[in-house]
>>> print(open('upload_16.csv').read())   # CSV, C-alpha atoms and all ligand atoms
chain,number,residue,atom,x,y,z
A,1464,MET,CA,69.7,58.7,16.8
A,1465,SER,CA,71.2,61.5,18.9
A,1466,SER,CA,70.9,61.2,22.7
A,1467,HIS,CA,70.2,65.0,22.9
A,1468,ALA,CA,66.5,66.0,22.9
A,1469,PRO,CA,65.8,68.7,20.3
A,1470,PRO,CA,65.4,72.2,21.9
A,1471,PRO,CA,61.8,73.1,22.6
A,1472,GLN,CA,60.2,75.2,19.8
A,1473,SER,CA,58.1,77.1,22.4
A,1474,ASP,CA,57.6,77.5,26.1
A,1475,LEU,CA,55.2,79.4,28.4
A,1476,TRP,CA,57.0,82.7,27.8
A,1477,SER,CA,57.1,82.5,24.0
A,1478,ASP,CA,53.5,81.2,23.8
A,1479,TRP,CA,52.3,84.1,25.9
A,1480,LEU,CA,54.4,86.9,24.3
A,1481,LEU,CA,54.0,85.8,20.7
A,1482,HIS,CA,50.4,84.6,20.8
A,1483,ILE,CA,48.3,84.6,24.0
A,1484,ARG,CA,49.0,88.3,24.9
A,1485,HIS,CA,47.0,89.4,21.9
A,1486,ALA,CA,44.8,86.3,21.5
A,1487,GLY,CA,46.5,85.7,18.1
A,1488,GLU,CA,44.4,88.6,16.7
A,1489,PRO,CA,46.4,90.8,14.4
A,1490,GLY,CA,44.4,94.0,15.0
A,1491,HIS,CA,44.7,93.7,18.7
A,1492,GLU,CA,48.4,92.9,18.3
A,1493,ARG,CA,49.0,96.1,16.4
A,1494,ALA,CA,47.2,98.2,19.0
A,1495,LEU,CA,49.2,96.5,21.8
A,1496,HIS,CA,52.5,97.1,20.0
A,1497,ALA,CA,51.6,100.8,19.7
A,1498,GLU,CA,51.0,100.9,23.5
A,1499,LEU,CA,54.2,98.9,24.2
A,1500,ARG,CA,56.3,101.4,22.2
A,1501,GLN,CA,55.3,104.1,24.8
A,1502,TYR,CA,56.6,101.9,27.6
A,1503,ALA,CA,59.8,101.3,25.7
A,1504,ASP,CA,60.3,105.1,25.0
A,1505,ARG,CA,59.9,105.9,28.7
A,1506,VAL,CA,62.3,103.2,29.8
A,1507,LEU,CA,64.9,104.3,27.2
A,1508,ASP,CA,64.5,108.0,28.2
A,1509,GLY,CA,65.5,106.9,31.7
A,1510,ALA,CA,68.5,104.9,30.4
A,1511,ARG,CA,70.1,108.0,28.8
A,1512,LEU,CA,71.9,106.0,26.1
A,1513,ALA,CA,74.6,107.6,23.9
A,1514,PRO,CA,76.5,106.4,20.8
A,1515,GLY,CA,79.2,103.8,21.6
A,1516,MET,CA,77.5,102.5,24.7
A,1517,THR,CA,76.7,98.9,25.7
A,1518,LEU,CA,73.1,98.2,27.0
A,1519,ALA,CA,72.0,95.1,28.8
A,1520,ASP,CA,68.3,94.5,28.4
A,1521,ILE,CA,67.3,91.8,30.9
A,1522,GLY,CA,64.3,89.6,30.1
A,1523,ALA,CA,64.4,91.0,26.5
A,1524,GLY,CA,61.5,89.0,25.2
A,1525,ASP,CA,61.0,89.8,21.5
A,1526,GLY,CA,63.4,92.7,21.6
A,1527,LEU,CA,60.9,95.5,22.5
A,1528,ILE,CA,63.5,97.6,24.4
A,1529,GLY,CA,66.7,96.3,22.7
A,1530,PHE,CA,65.5,97.0,19.1
A,1531,SER,CA,64.0,100.4,20.1
A,1532,ALA,CA,67.4,101.3,21.6
A,1533,ILE,CA,69.1,100.4,18.4
A,1534,ASP,CA,66.6,102.4,16.4
A,1535,ARG,CA,67.3,105.4,18.7
A,1536,ILE,CA,71.1,105.3,18.8
A,1537,GLY,CA,72.1,103.5,15.6
A,1538,PRO,CA,74.9,101.1,14.7
A,1539,SER,CA,77.4,102.1,17.4
A,1540,LEU,CA,75.2,100.8,20.2
A,1541,ARG,CA,75.9,97.2,21.5
A,1542,VAL,CA,73.0,95.4,23.1
A,1543,LEU,CA,73.1,92.3,25.3
A,1544,LEU,CA,69.7,90.7,25.2
A,1545,THR,CA,69.3,88.2,28.1
A,1546,ASP,CA,66.3,86.0,28.7
A,1547,ILE,CA,65.4,82.8,30.5
A,1548,SER,CA,63.5,81.5,27.5
A,1549,ALA,CA,65.6,79.7,24.8
A,1550,PRO,CA,62.7,79.8,22.2
A,1551,LEU,CA,62.3,83.5,22.7
A,1552,LEU,CA,66.0,84.1,22.3
A,1553,ARG,CA,66.0,82.1,19.1
A,1554,HIS,CA,63.0,84.0,17.8
A,1555,THR,CA,64.5,87.4,18.7
A,1556,GLU,CA,67.9,86.5,17.2
A,1557,ALA,CA,66.0,85.8,13.9
A,1558,LEU,CA,64.3,89.2,14.2
A,1559,ALA,CA,67.8,90.8,14.6
A,1560,VAL,CA,68.9,89.1,11.4
A,1561,GLN,CA,65.8,90.4,9.6
A,1562,ARG,CA,66.5,93.9,11.0
A,1563,LYS,CA,70.1,93.7,9.9
A,1564,VAL,CA,71.3,94.4,13.4
A,1565,ARG,CA,72.5,90.9,14.4
A,1566,ASP,CA,76.2,92.1,14.6
A,1567,GLN,CA,75.2,94.6,17.3
A,1568,CYS,CA,73.5,92.1,19.5
A,1569,VAL,CA,74.6,89.4,21.9
A,1570,PHE,CA,72.0,86.8,23.1
A,1571,ILE,CA,72.4,85.3,26.5
A,1572,GLN,CA,70.2,82.7,28.1
A,1573,CYS,CA,70.1,83.3,31.9
A,1574,SER,CA,67.8,84.2,34.8
A,1575,ALA,CA,67.8,87.8,35.9
A,1576,GLU,CA,68.8,86.4,39.3
A,1577,MET,CA,72.2,85.2,38.0
A,1578,ILE,CA,73.4,87.0,34.8
A,1579,ASP,CA,76.1,84.5,33.9
A,1580,GLY,CA,78.2,85.4,31.0
A,1581,VAL,CA,78.2,89.2,31.7
A,1582,GLU,CA,81.2,90.4,33.7
A,1583,GLY,CA,81.1,92.9,36.5
A,1584,ASP,CA,81.2,96.7,35.5
A,1585,ALA,CA,80.6,95.6,31.8
A,1586,VAL,CA,77.7,97.7,30.6
A,1587,ASP,CA,76.7,101.4,30.5
A,1588,ALA,CA,73.0,100.8,31.1
A,1589,VAL,CA,70.7,98.1,32.3
A,1590,THR,CA,67.0,98.1,31.3
A,1591,THR,CA,64.2,95.7,32.1
A,1592,ARG,CA,60.5,95.8,31.5
A,1593,ALA,CA,57.8,93.5,32.9
A,1594,VAL,CA,60.4,90.9,34.0
A,1595,LEU,CA,61.0,91.4,37.8
A,1596,ALA,CA,57.3,90.6,38.2
A,1597,TYR,CA,58.1,87.0,37.4
A,1598,VAL,CA,61.4,86.8,39.3
A,1599,PRO,CA,61.0,85.1,42.7
A,1600,ASP,CA,64.2,86.7,44.2
A,1601,LYS,CA,63.9,90.4,43.0
A,1602,MET,CA,66.7,91.5,45.4
A,1603,ALA,CA,69.1,89.0,43.8
A,1604,ALA,CA,68.2,90.4,40.3
A,1605,MET,CA,68.7,94.0,41.5
A,1606,ARG,CA,72.2,93.0,42.9
A,1607,GLU,CA,73.0,91.5,39.5
A,1608,PHE,CA,71.9,94.7,37.7
A,1609,HIS,CA,74.3,96.6,40.0
A,1610,ARG,CA,77.1,94.2,39.5
A,1611,ILE,CA,77.1,94.3,35.7
A,1612,LEU,CA,76.8,98.1,35.5
A,1613,ARG,CA,80.0,100.2,35.3
A,1614,PRO,CA,80.3,102.9,38.0
A,1615,GLY,CA,78.3,105.8,36.7
A,1616,GLY,CA,76.0,103.5,34.7
A,1617,ARG,CA,72.2,103.8,34.7
A,1618,LEU,CA,69.4,101.4,35.5
A,1619,SER,CA,65.9,102.1,34.0
A,1620,ILE,CA,63.1,99.7,34.6
A,1621,ALA,CA,59.3,99.5,34.2
A,1622,GLU,CA,57.3,96.9,36.1
A,1623,PRO,CA,53.6,96.2,36.2
A,1624,ILE,CA,52.2,96.4,39.8
A,1625,MET,CA,49.6,93.6,39.9
A,1626,ARG,CA,49.2,93.5,43.6
A,1627,ASP,CA,46.0,95.5,43.3
A,1628,ASP,CA,44.5,92.9,40.9
A,1629,ALA,CA,45.2,90.3,43.6
A,1630,ILE,CA,43.7,92.5,46.3
A,1631,GLU,CA,40.6,92.9,44.1
A,1632,ALA,CA,40.4,89.1,43.7
A,1633,SER,CA,40.8,88.7,47.4
A,1634,SER,CA,38.0,91.3,48.1
A,1635,LEU,CA,35.7,89.4,45.7
A,1636,ARG,CA,36.4,86.2,47.5
A,1637,GLN,CA,35.5,87.8,50.9
A,1638,PHE,CA,32.4,89.3,49.3
A,1639,VAL,CA,31.1,86.0,47.8
A,1640,GLU,CA,31.9,84.1,51.0
A,1641,GLY,CA,29.3,86.2,52.7
A,1642,LEU,CA,26.6,85.3,50.0
A,1643,PRO,CA,24.1,82.4,50.3
A,1644,GLU,CA,25.3,78.9,49.6
A,1645,LYS,CA,23.5,78.2,46.3
A,1646,ALA,CA,25.6,80.3,44.0
A,1647,GLY,CA,25.5,78.9,40.4
A,1648,ASP,CA,23.3,81.8,39.3
A,1649,ASN,CA,25.1,84.5,41.1
A,1650,PHE,CA,27.3,86.6,38.9
A,1651,PHE,CA,29.7,87.6,41.6
A,1652,HIS,CA,30.6,83.9,42.3
A,1653,LEU,CA,31.4,83.5,38.7
A,1654,LEU,CA,33.4,86.7,38.6
A,1655,HIS,CA,35.4,85.6,41.5
A,1656,ARG,CA,36.1,82.2,39.9
A,1657,TRP,CA,37.5,84.0,36.9
A,1658,LYS,CA,39.7,86.4,38.8
A,1659,ALA,CA,40.9,83.8,41.3
A,1660,ALA,CA,42.0,81.6,38.4
A,1661,GLN,CA,44.3,84.4,37.2
A,1662,PHE,CA,45.4,86.2,40.4
A,1663,PRO,CA,46.2,85.0,43.9
A,1664,ASP,CA,43.1,85.7,46.1
A,1665,THR,CA,44.2,85.0,49.7
A,1666,GLU,CA,46.7,86.8,51.8
A,1667,GLU,CA,48.8,83.7,51.9
A,1668,LYS,CA,48.8,83.2,48.1
A,1669,ILE,CA,49.5,86.9,47.6
A,1670,GLY,CA,52.6,86.7,49.9
A,1671,ALA,CA,53.9,83.7,48.0
A,1672,SER,CA,53.3,85.0,44.5
A,1673,PRO,CA,56.2,86.9,42.7
A,1674,ILE,CA,53.6,88.8,40.6
A,1675,ALA,CA,51.7,90.1,43.6
A,1676,ASN,CA,54.0,90.2,46.6
A,1677,TYR,CA,55.7,93.5,45.9
A,1678,GLY,CA,54.7,97.1,45.2
A,1679,GLU,CA,56.5,100.2,43.8
A,1680,ARG,CA,58.0,101.1,47.2
A,1681,ASP,CA,59.6,97.6,47.4
A,1682,LEU,CA,61.3,98.3,44.1
A,1683,VAL,CA,62.8,101.5,45.6
A,1684,ARG,CA,64.0,99.6,48.6
A,1685,PHE,CA,65.6,96.8,46.5
A,1686,ALA,CA,67.4,99.4,44.5
A,1687,LEU,CA,68.7,101.2,47.6
A,1688,ASP,CA,69.7,97.9,49.3
A,1689,ALA,CA,71.6,96.8,46.1
A,1690,GLY,CA,73.7,100.0,46.3
A,1691,PHE,CA,72.1,102.3,43.7
A,1692,ALA,CA,72.0,106.1,44.2
A,1693,ASP,CA,69.9,108.9,42.6
A,1694,ILE,CA,66.8,106.6,42.7
A,1695,HIS,CA,63.7,108.0,41.1
A,1696,MET,CA,60.3,106.3,41.1
A,1697,GLU,CA,57.2,107.3,39.1
A,1698,PHE,CA,54.1,105.3,39.6
A,1699,HIS,CA,51.6,105.6,36.8
A,1700,ILE,CA,48.0,104.5,36.7
A,1701,ASP,CA,46.4,104.4,33.3
A,1702,VAL,CA,42.7,103.8,33.2
A,1703,ARG,CA,41.6,102.7,29.7
A,1704,PRO,CA,38.7,100.9,28.1
A,1705,ALA,CA,39.0,97.1,28.5
A,1706,VAL,CA,39.3,95.1,25.2
A,1707,SER,CA,36.0,95.4,23.3
A,1708,SER,CA,36.2,92.1,21.5
A,1709,TRP,CA,34.7,89.1,23.3
A,1710,ASP,CA,36.9,86.7,21.4
A,1711,VAL,CA,40.1,88.6,22.4
A,1712,LEU,CA,39.0,88.6,26.0
A,1713,LEU,CA,38.4,84.8,25.8
A,1714,GLY,CA,41.7,84.1,24.0
A,1715,SER,CA,44.0,86.3,26.0
A,1716,SER,CA,45.3,86.3,29.6
A,1717,PRO,CA,46.6,89.2,31.7
A,1718,HIS,CA,50.1,87.7,32.4
A,1719,PRO,CA,52.1,84.6,31.3
A,1720,TRP,CA,51.2,82.6,34.4
A,1721,ALA,CA,47.4,83.2,34.0
A,1722,PRO,CA,45.1,80.9,32.0
A,1723,ARG,CA,43.1,82.4,29.2
A,1724,LEU,CA,39.5,83.3,30.2
A,1725,GLY,CA,38.3,80.8,27.6
A,1726,ASP,CA,40.2,78.0,29.4
A,1727,VAL,CA,38.8,79.1,32.7
A,1728,LEU,CA,35.3,78.9,31.4
A,1729,ASP,CA,36.0,75.5,29.8
A,1730,GLN,CA,37.5,74.1,33.0
A,1731,LYS,CA,35.8,75.8,35.9
A,1732,PHE,CA,32.2,76.6,34.6
A,1733,THR,CA,29.3,74.4,33.7
A,1734,ALA,CA,27.6,75.1,30.3
A,1735,GLU,CA,24.8,76.8,32.1
A,1736,GLU,CA,27.1,79.0,34.2
A,1737,ARG,CA,29.1,79.9,31.1
A,1738,ARG,CA,25.9,81.0,29.2
A,1739,TYR,CA,24.8,83.1,32.2
A,1740,PHE,CA,28.3,84.7,32.6
A,1741,GLU,CA,28.5,85.5,28.9
A,1742,GLN,CA,25.0,86.9,28.8
A,1743,ILE,CA,25.9,89.5,31.5
A,1744,LEU,CA,29.5,90.3,30.6
A,1745,ARG,CA,29.6,90.2,26.8
A,1746,PRO,CA,27.3,93.3,26.3
A,1747,GLN,CA,29.4,95.2,28.8
A,1748,ILE,CA,32.6,94.3,26.9
A,1749,GLU,CA,31.3,95.0,23.5
A,1750,GLY,CA,29.6,98.2,24.6
A,1751,ARG,CA,33.0,99.4,25.9
A,1752,ARG,CA,31.5,99.9,29.4
A,1753,LEU,CA,34.4,98.3,31.2
A,1754,VAL,CA,37.7,99.8,32.0
A,1755,THR,CA,41.0,98.4,33.2
A,1756,ALA,CA,43.5,100.2,35.4
A,1757,GLU,CA,47.1,99.5,34.4
A,1758,ARG,CA,49.6,100.2,37.2
A,1759,THR,CA,53.2,100.7,36.2
A,1760,ALA,CA,56.3,101.5,38.3
A,1761,TYR,CA,59.1,103.3,36.5
A,1762,LEU,CA,62.4,103.4,38.4
A,1763,THR,CA,65.7,104.9,37.4
A,1764,ALA,CA,68.9,104.8,39.4
A,1765,LEU,CA,72.6,105.3,39.1
A,1766,LYS,CA,75.5,103.0,40.2
A,1767,PRO,CA,77.7,105.5,42.0
A,1768,ALA,CA,81.2,106.1,40.7
A,1769,ARG,CA,83.8,104.6,43.0
T,1,LIG,C1,56.1,90.1,29.9
T,1,LIG,S1,57.6,89.5,29.1
T,1,LIG,C2,58.4,91.1,28.8
T,1,LIG,C3,59.4,91.0,27.6
T,1,LIG,C4,60.1,92.3,27.3
T,1,LIG,N1,60.9,92.8,28.4
T,1,LIG,C5,59.1,93.3,26.9
T,1,LIG,O1,59.1,94.4,27.5
T,1,LIG,O2,58.4,93.1,25.9
T,1,LIG,C6,58.5,88.8,30.4
T,1,LIG,C7,59.9,88.3,29.9
T,1,LIG,O3,60.7,87.9,31.0
T,1,LIG,C8,61.3,86.7,30.7
T,1,LIG,N2,61.6,86.1,32.0
T,1,LIG,C9,60.8,85.4,32.8
T,1,LIG,N3,61.4,85.0,33.9
T,1,LIG,C10,62.6,85.5,33.9
T,1,LIG,C11,63.8,85.4,34.7
T,1,LIG,N4,63.7,84.8,35.9
T,1,LIG,N5,64.9,85.9,34.3
T,1,LIG,C12,65.0,86.5,33.1
T,1,LIG,N6,64.0,86.7,32.2
T,1,LIG,C13,62.8,86.1,32.6
T,1,LIG,C14,60.4,86.0,29.8
T,1,LIG,O4,61.0,84.9,29.1
T,1,LIG,C15,59.8,87.1,29.0
T,1,LIG,O5,60.7,87.3,27.9
>>> encode(input="upload_16.csv", output="structure tokens")
Amino acid sequence: MSSHAPPPQSDLWSDWLLHIRHAGEPGHERALHAELRQYADRVLDGARLAPGMTLADIGAGDGLIGFSAIDRIGPSLRVLLTDISAPLLRHTEALAVQRKVRDQCVFIQCSAEMIDGVEGDAVDAVTTRAVLAYVPDKMAAMREFHRILRPGGRLSIAEPIMRDDAIEASSLRQFVEGLPEKAGDNFFHLLHRWKAAQFPDTEEKIGASPIANYGERDLVRFALDAGFADIHMEFHIDVRPAVSSWDVLLGSSPHPWAPRLGDVLDQKFTAEERRYFEQILRPQIEGRRLVTAERTAYLTALKPAR
């Protein structure tokens, strides 16, 4: 028997990206992918790629940005797809084979904070989407983006800003703390229990959480401190109807570190609380009366020529 353990088939990142994000529901997955393509287009517009260039997509996931870049530029584009997750890299390499673009791709397992295996001044563009949110040392990542870019190379990123979700969870906590003790039948207590399971809900937890302890202005400062020039930030807020399927809401979670609502209900609610919560929330969801506000920071920058 080999002393080496077999590589894991899945991890938190691959489970979320390939299943939990869309609750394993094909219709919702298709709708989500249509939305994701819009993010990819915006990030790639900012990267200003041209034939013959090399792009590094950091935290490449299942290749949203990398494969869209190849679709745009064609066979002369070289793409380095880096990710911390070995199962995701294997999955995405298999997709590259299916797409017949494997020869254009290099797969590198590393953290955004230390992009080992990519030399300094090696790439024409760096992209990343929804990755810095999960990186504890965002400044280190920004310095690595600067290091691997050639002088004159461009950075284009899109990051969710989830601080407001945490602030909402924190406001809910403060609100329910002022309510009478007996709370099992109070909807706001249950709402807070749900939100606090998925987002930090105290100032201390917000400060310690990589998903909540930064805003769009911090990204600008990180880019400036790392040595980038021509920094441009656009902050978008898109208010859309929340998912209209109760099962999708139960089976999905808003980010890879958050439990699914279904698991929150199983673990933190009594059967009676669960019934009461569903009785109030489900008609709102199915009647499309709830909205979500997605906040996204788009940043582009240039590594100055020496
Ligand atoms: C929300 S997904 C986004 C994936 C992809 N960029 C996209 O736009 O679809 C977050 C990705 O970041 C990767 N990731 C998480 N922590 C990371 C880290 N410290 N360094 C590099 N990648 C990381 C995960 O494995 C996952 O692929």
>>> closest_atom_pairs(input="upload_16.csv", of="region 1545-1607 of chain A", to="region 1708-1718 of chain A", cutoff="10 Å", atoms="all atoms listed in the file", output="Markdown table")
| residue | atom | partner | partner_atom | distance |
| --- | --- | --- | --- | --- |
| A:Ala1593 | CA | A:His1718 | CA | 9.7 |
| A:Ala1596 | CA | A:His1718 | CA | 9.7 |
| A:Tyr1597 | CA | A:His1718 | CA | 9.5 |
>>> write_last_selection(input="upload_16.csv", atoms="C-alpha atoms", output="CSV table (one decimal), keeping the file's coordinate frame")
chain,number,residue,atom,x,y,z
A,1593,ALA,CA,57.8,93.5,32.9
A,1596,ALA,CA,57.3,90.6,38.2
A,1597,TYR,CA,58.1,87.0,37.4
>>> residues_near_ligand(input="upload_16.csv", ligand="ligand LIG 1 (chain T)", cutoff="7 Å", atoms="only C-alpha atoms and all ligand atoms", output="MDAnalysis selection string")
chainID A and resid 1476:1477 1480 1521:1528 1545:1548 1551 1573:1576 1591:1594 1597:1598 1718:1719
>>> residues_around(input="upload_16.csv", residues="Ala1764 (chain A)", least_positions_apart="4", cutoff="7 Å", atoms="all atoms listed in the file", output="ChimeraX atom specification")
/A:1617-1619,1691-1695
>>> atom_distance(input="upload_16.csv", atom1="CA of Ala1675 (chain A)", atom2="CA of Ile1624 (chain A)")
7.4 Å
>>> closest_residue(input="upload_16.csv", among="A:Asp1664, A:Ala1585, A:Pro1623, A:Leu1724", to="Phe1638 (chain A)", atoms="all atoms listed in the file")
A:Asp1664
>>> closest_residue(input="upload_16.csv", among="A:Ala1629, A:Val1639, A:Met1696, A:Leu1552", to="Asp1474 (chain A)", atoms="all atoms listed in the file")
A:Leu1552
>>> residues_around(input="upload_16.csv", residues="Pro1746 (chain A)", least_positions_apart="6", cutoff="10 Å", atoms="only C-alpha atoms", output="ChimeraX atom specification")
/A:1707,1709,1752-1753
>>> closest_residue(input="upload_16.csv", among="A:Leu1558, A:Leu1543, A:Ala1510, A:Leu1635", to="Phe1662 (chain A)", atoms="only C-alpha atoms")
A:Leu1635
>>> atom_distance(input="upload_16.csv", atom1="CA of Ile1700 (chain A)", atom2="CA of Asp1726 (chain A)")
28.6 Å
>>> decode(input="upload_16.csv", residues="region 1708-1727 of chain A", atoms="N, CA and C atoms", output="PDB file, in the first residue's frame")
ATOM      1  N   SER A1708     -37.071  30.353  -5.601  1.00  0.00           N
ATOM      2  CA  SER A1708     -37.345  28.954  -5.239  1.00  0.00           C
ATOM      3  C   SER A1708     -36.919  28.725  -3.788  1.00  0.00           C
ATOM      4  N   TRP A1709     -37.857  28.230  -2.991  1.00  0.00           N
ATOM      5  CA  TRP A1709     -37.566  27.934  -1.584  1.00  0.00           C
ATOM      6  C   TRP A1709     -36.455  26.885  -1.485  1.00  0.00           C
ATOM      7  N   ASP A1710     -36.506  25.870  -2.368  1.00  0.00           N
ATOM      8  CA  ASP A1710     -35.497  24.801  -2.307  1.00  0.00           C
ATOM      9  C   ASP A1710     -34.108  25.335  -2.638  1.00  0.00           C
ATOM     10  N   VAL A1711     -34.025  26.260  -3.604  1.00  0.00           N
ATOM     11  CA  VAL A1711     -32.716  26.838  -3.934  1.00  0.00           C
ATOM     12  C   VAL A1711     -32.210  27.663  -2.753  1.00  0.00           C
ATOM     13  N   LEU A1712     -33.099  28.415  -2.126  1.00  0.00           N
ATOM     14  CA  LEU A1712     -32.682  29.206  -0.957  1.00  0.00           C
ATOM     15  C   LEU A1712     -32.153  28.289   0.151  1.00  0.00           C
ATOM     16  N   LEU A1713     -32.850  27.179   0.393  1.00  0.00           N
ATOM     17  CA  LEU A1713     -32.419  26.246   1.448  1.00  0.00           C
ATOM     18  C   LEU A1713     -31.094  25.567   1.093  1.00  0.00           C
ATOM     19  N   GLY A1714     -30.925  25.263  -0.190  1.00  0.00           N
ATOM     20  CA  GLY A1714     -29.771  24.441  -0.607  1.00  0.00           C
ATOM     21  C   GLY A1714     -28.538  25.226  -0.970  1.00  0.00           C
ATOM     22  N   SER A1715     -28.612  26.572  -0.961  1.00  0.00           N
ATOM     23  CA  SER A1715     -27.453  27.369  -1.378  1.00  0.00           C
ATOM     24  C   SER A1715     -26.961  28.214  -0.204  1.00  0.00           C
ATOM     25  N   SER A1716     -25.769  28.796  -0.407  1.00  0.00           N
ATOM     26  CA  SER A1716     -25.255  29.720   0.614  1.00  0.00           C
ATOM     27  C   SER A1716     -24.602  30.895  -0.104  1.00  0.00           C
ATOM     28  N   PRO A1717     -24.525  32.049   0.537  1.00  0.00           N
ATOM     29  CA  PRO A1717     -24.080  33.252  -0.173  1.00  0.00           C
ATOM     30  C   PRO A1717     -22.573  33.312  -0.453  1.00  0.00           C
ATOM     31  N   HIS A1718     -21.782  32.508   0.249  1.00  0.00           N
ATOM     32  CA  HIS A1718     -20.333  32.476  -0.027  1.00  0.00           C
ATOM     33  C   HIS A1718     -19.781  31.151   0.513  1.00  0.00           C
ATOM     34  N   PRO A1719     -18.566  30.766   0.086  1.00  0.00           N
ATOM     35  CA  PRO A1719     -18.084  29.413   0.420  1.00  0.00           C
ATOM     36  C   PRO A1719     -17.921  29.138   1.914  1.00  0.00           C
ATOM     37  N   TRP A1720     -17.763  30.175   2.721  1.00  0.00           N
ATOM     38  CA  TRP A1720     -17.578  29.943   4.161  1.00  0.00           C
ATOM     39  C   TRP A1720     -18.899  29.922   4.925  1.00  0.00           C
ATOM     40  N   ALA A1721     -20.015  30.178   4.229  1.00  0.00           N
ATOM     41  CA  ALA A1721     -21.319  30.240   4.908  1.00  0.00           C
ATOM     42  C   ALA A1721     -22.046  28.900   4.798  1.00  0.00           C
ATOM     43  N   PRO A1722     -22.691  28.450   5.883  1.00  0.00           N
ATOM     44  CA  PRO A1722     -23.511  27.242   5.767  1.00  0.00           C
ATOM     45  C   PRO A1722     -24.757  27.526   4.933  1.00  0.00           C
ATOM     46  N   ARG A1723     -25.313  26.465   4.337  1.00  0.00           N
ATOM     47  CA  ARG A1723     -26.591  26.620   3.612  1.00  0.00           C
ATOM     48  C   ARG A1723     -27.697  26.965   4.595  1.00  0.00           C
ATOM     49  N   LEU A1724     -28.709  27.698   4.112  1.00  0.00           N
ATOM     50  CA  LEU A1724     -29.834  28.008   5.000  1.00  0.00           C
ATOM     51  C   LEU A1724     -30.448  26.717   5.551  1.00  0.00           C
ATOM     52  N   GLY A1725     -30.564  25.673   4.720  1.00  0.00           N
ATOM     53  CA  GLY A1725     -31.148  24.401   5.169  1.00  0.00           C
ATOM     54  C   GLY A1725     -30.381  23.844   6.368  1.00  0.00           C
ATOM     55  N   ASP A1726     -29.042  23.954   6.331  1.00  0.00           N
ATOM     56  CA  ASP A1726     -28.230  23.450   7.452  1.00  0.00           C
ATOM     57  C   ASP A1726     -28.405  24.329   8.689  1.00  0.00           C
ATOM     58  N   VAL A1727     -28.549  25.636   8.472  1.00  0.00           N
ATOM     59  CA  VAL A1727     -28.782  26.543   9.609  1.00  0.00           C
ATOM     60  C   VAL A1727     -30.091  26.156  10.293  1.00  0.00           C
TER      61      VAL A1727
END
